Amino acid sequence: MNGTRRRRSHLAAAAAVGSLALVLTACSGGDDEGGGGDATSDVDCTAFEQYGDLEGKSISVYTSIVDPESVQQTDSYKPFEECTGATIEYEGSREFEAQLPVRLQAGNPPDIAYIPQPGFLASIVADYPEVVVAAPQPVIDNANEYYTEGWVNYGTVDGTLYATPLGANVKSFVWYSPGAFEENGYEIPTTWDDLMALTDQIVADHPDAKPWCAGIESGDATGWPATDFLEDVLLRTAGPDVYDQWVTHEIPFNDPQVLDALQTVGGILKNDEYVNGGLGDVQSIATAPWNEAGNGIPDGTCFLHRAANFYQANWDPSLKVAEDGDVYAFYLPGTSADDKPLLGGGEFVTAFADRPEVAAFQAYLSSPEWANAKAAATGQGWLSANSGLDPELLQSPIDKLSFDLLTDDSYTFRFDGSDQMPGAVGADAFWKQMTAWIGEDQSDEATLDNIEKAWPAS
């Protein structure tokens with residue numbers, strides 16, 4: 001993707017960050033007196049002059065991000081509103097993915113939407129080409145400067161950039177108890193073989209516990225954690241090129257290399273000696289809520305739980321999440337210490353109006369100024385792939401580790417595969433068949449064959 005790279009003054013941006021953090025604290029009532037004063041006039045608006053005077057203008061935002069996370073979102077818009085005079089009209093909905101196409105079809109699009117899947121973005125561009133707006137030049141410039149080529153490509157459809165990342169997450173983590181590891185003399189594994197050797201050692205050392213705990217129940221989305229597990233393993237057993245071919249259906253869903261990866265996953269999730277710590281047998285994985293499945297780690301009934309950085313929000317608030325804390329996570333290792341695939345996800349800012357104020361807000365959301373304002377407004381569980389993000393603003397050790405991995409060129413990042421596939425596959429058949437694979441002990445072959453049959457005819 002081309003586009004002139006615009007170099008912002010990082011000195012000016014850094015100066016703005018300090019005042020933004022102050023403003024966000026004041027606006028959220030963070031002082032000792034309960035937040036009686038309005039300190040928004042303290043914002044250093046130098047970095048916002050490029051957006052112009054937008055007094056009286058409003059921009060509507062539609063997203064799946066709802067309370068309480070929506071408060072952090074709207075807090076991060078306050079510097080833009082204060083410095084430009086614009087008003088952001090925010091609407092979060094749990095029915096976002098179903099309702100956005102309805103609104104587009106009815107001619108009632110939002111100005112901006114946060115689309116959580118590249119596959120969904122591609123379908124929106126294909127189905128509503130007259131409504132979705134290509135990214136303006138300032139957004140292109142920010143994308144080229146602050147994001148890796150891979151992240152830019154996820155927001156690109158048929159060679160045109162439509163969307164830039166909002167937040168990001170890292171899924172290639174295994175949660176554990178640092179105290180339990182120290183007590184038992186266990187070391188963090190650096191290869192897949194080391195991980196499996198550790199698993200077997202736990203079996204030998206702890207007959208009353210299990211190495212792994214897992215859960216994939218998630219309401220209408222039951223099964224998605226199992227799809228993540230398969231994607232993470234496929235990146236390790238077959239490599240990123242095969243992974244890309246699988247995601248785009250250049251090879252069938254039931255390709256032998258995918259079957260090999262599923263069998264590797266089954267070596268853990270369908271092994272009675274390895275699962276399901278404190279929750280039951282293998283079949284219990286299908287009914288165990290994904291956000292509660294890791295509780296066996298602090299309880300001592302399991303030692304390992306594969307889950308993303310955002311899983312930290314599900315631990316009991318009394319637990320310290322840190323390398324020297326009650327729970328923490330290590331990188332899910334590759335086949336060797338030099339093999340470093342990284343699975344993750346995120347949302348993408350997409351515009352459906354080409355008014356100047358909409359373009360300005362879209363540019364702000366792709367900038368370091370917004371990433372830093374959002375980090376300052378968020379306690380934990382959020383990060384960005386924007387290289388201009390000041391990592392010192394990240395308040396959680398696991399968020400800092402995630403940012404380090406996302407911005408480390410030695411890791412090969414790939415976006416969640418199911419999020420890139422057609423909805424009938426990634427958000428339907430894949431989820432359901434992986435659930436049957438565990439809950440009904442459906443065979444590896446039947447599981448992959450059934451998902452392959454669901455792929456839409458080209």
# chains A, B, ... in the order shown; residues from 1 in each chain; ligands from 1
>>> residues_around(residues="stretch 194-210 of chain A", least_positions_apart="4", cutoff="12 Å", atoms="only C-alpha atoms", output="PyMOL selection string")
chain A and resi 174+180-181+183-190+214+264-265+267-269+271-282+296-297+299-306+330-337
>>> select_by_dssp(residues="stretch 28-257 of chain A", states="helix (DSSP H, G or I)", output="VMD selection string")
chain A and resid 40 to 42 46 to 51 69 to 84 96 to 105 118 to 127 137 to 146 149 to 154 178 to 184 192 to 205 219 to 221 224 to 237 240 to 247 256 to 257
>>> atom_distance(atom1="atom CA of A:Ala351", atom2="atom CA of A:Ala113")
6.5 Å
>>> residues_around(residues="stretch 225-237 of chain A", least_positions_apart="2", cutoff="7 Å", atoms="only C-alpha atoms", output="number ranges by chain")
A: 172, 216, 223, 239-240, 243, 258, 261-262, 265, 334-335, 341, 343, 417, 430-431, 434
>>> write_last_selection(atoms="N, CA and C atoms", output="short mmCIF file (atom, residue, chain, number, x, y, z; two decimals), in the first residue's frame")
data_model
loop_
_atom_site.label_atom_id
_atom_site.label_comp_id
_atom_site.auth_asym_id
_atom_site.auth_seq_id
_atom_site.Cartn_x
_atom_site.Cartn_y
_atom_site.Cartn_z
N SER A 172 -1.86 -16.23 22.07
CA SER A 172 -0.88 -17.32 22.25
C SER A 172 -0.26 -17.30 23.64
N ILE A 216 -15.08 -24.27 26.87
CA ILE A 216 -15.40 -23.61 25.60
C ILE A 216 -16.85 -23.13 25.54
N GLY A 223 -17.73 -22.80 21.62
CA GLY A 223 -16.79 -23.46 20.72
C GLY A 223 -15.63 -22.59 20.30
N GLY A 239 2.97 -24.00 9.92
CA GLY A 239 3.60 -22.74 9.56
C GLY A 239 2.62 -21.70 9.04
N PRO A 240 3.04 -20.44 9.02
CA PRO A 240 2.14 -19.35 8.65
C PRO A 240 1.66 -19.38 7.20
N TYR A 243 -1.12 -21.81 7.06
CA TYR A 243 -2.22 -21.18 7.80
C TYR A 243 -2.96 -20.19 6.91
N VAL A 258 -4.11 -29.83 8.39
CA VAL A 258 -5.06 -29.38 9.41
C VAL A 258 -5.45 -30.55 10.31
N ALA A 261 -2.82 -31.04 12.83
CA ALA A 261 -2.91 -30.04 13.90
C ALA A 261 -4.03 -30.38 14.88
N LEU A 262 -5.19 -30.80 14.35
CA LEU A 262 -6.31 -31.15 15.22
C LEU A 262 -5.96 -32.35 16.10
N VAL A 265 -3.93 -31.05 18.92
CA VAL A 265 -4.79 -30.43 19.94
C VAL A 265 -5.49 -31.51 20.76
N GLY A 334 6.69 -22.41 20.28
CA GLY A 334 6.67 -23.04 18.97
C GLY A 334 7.46 -24.33 18.99
N THR A 335 7.75 -24.86 17.82
CA THR A 335 8.46 -26.13 17.73
C THR A 335 9.91 -26.00 18.15
N PRO A 341 5.47 -18.13 16.19
CA PRO A 341 4.17 -17.66 15.66
C PRO A 341 3.36 -17.02 16.78
N LEU A 343 -0.67 -15.63 17.57
CA LEU A 343 -2.07 -15.51 17.17
C LEU A 343 -2.73 -14.38 17.96
N GLY A 417 -7.98 -16.97 12.70
CA GLY A 417 -8.43 -17.53 11.43
C GLY A 417 -9.93 -17.54 11.26
N PHE A 430 -17.50 -23.91 12.31
CA PHE A 430 -16.25 -24.13 13.04
C PHE A 430 -16.53 -24.23 14.54
N TRP A 431 -17.29 -23.29 15.08
CA TRP A 431 -17.63 -23.33 16.50
C TRP A 431 -18.40 -24.60 16.85
N MET A 434 -16.38 -28.02 16.46
CA MET A 434 -15.38 -28.21 17.51
C MET A 434 -16.04 -28.56 18.84
#
>>> select_by_dssp(residues="stretch 39-238 of chain A", states="strand (DSSP E)", output="NGL selection string")
:A and (58-63 or 87-92 or 112-115 or 156-157 or 160-161 or 163-170 or 173-176 or 210-212)
>>> closest_residue(among="A:Asp449, A:Pro298, A:Cys83, A:Ile115", to="A:Leu319", atoms="only C-alpha atoms")
A:Pro298
>>> closest_residue(among="A:Ser318, A:Thr412, A:Asn450, A:Asn142", to="A:Asp428", atoms="only C-alpha atoms")
A:Asn450
>>> closest_residue(among="A:Gln380, A:Gln442, A:Gln50, A:Thr222", to="A:Glu357", atoms="only C-alpha atoms")
A:Gln50
>>> closest_residue(among="A:Thr350, A:Gln420, A:Ser60, A:Ser177", to="A:Val131", atoms="only C-alpha atoms")
A:Thr350
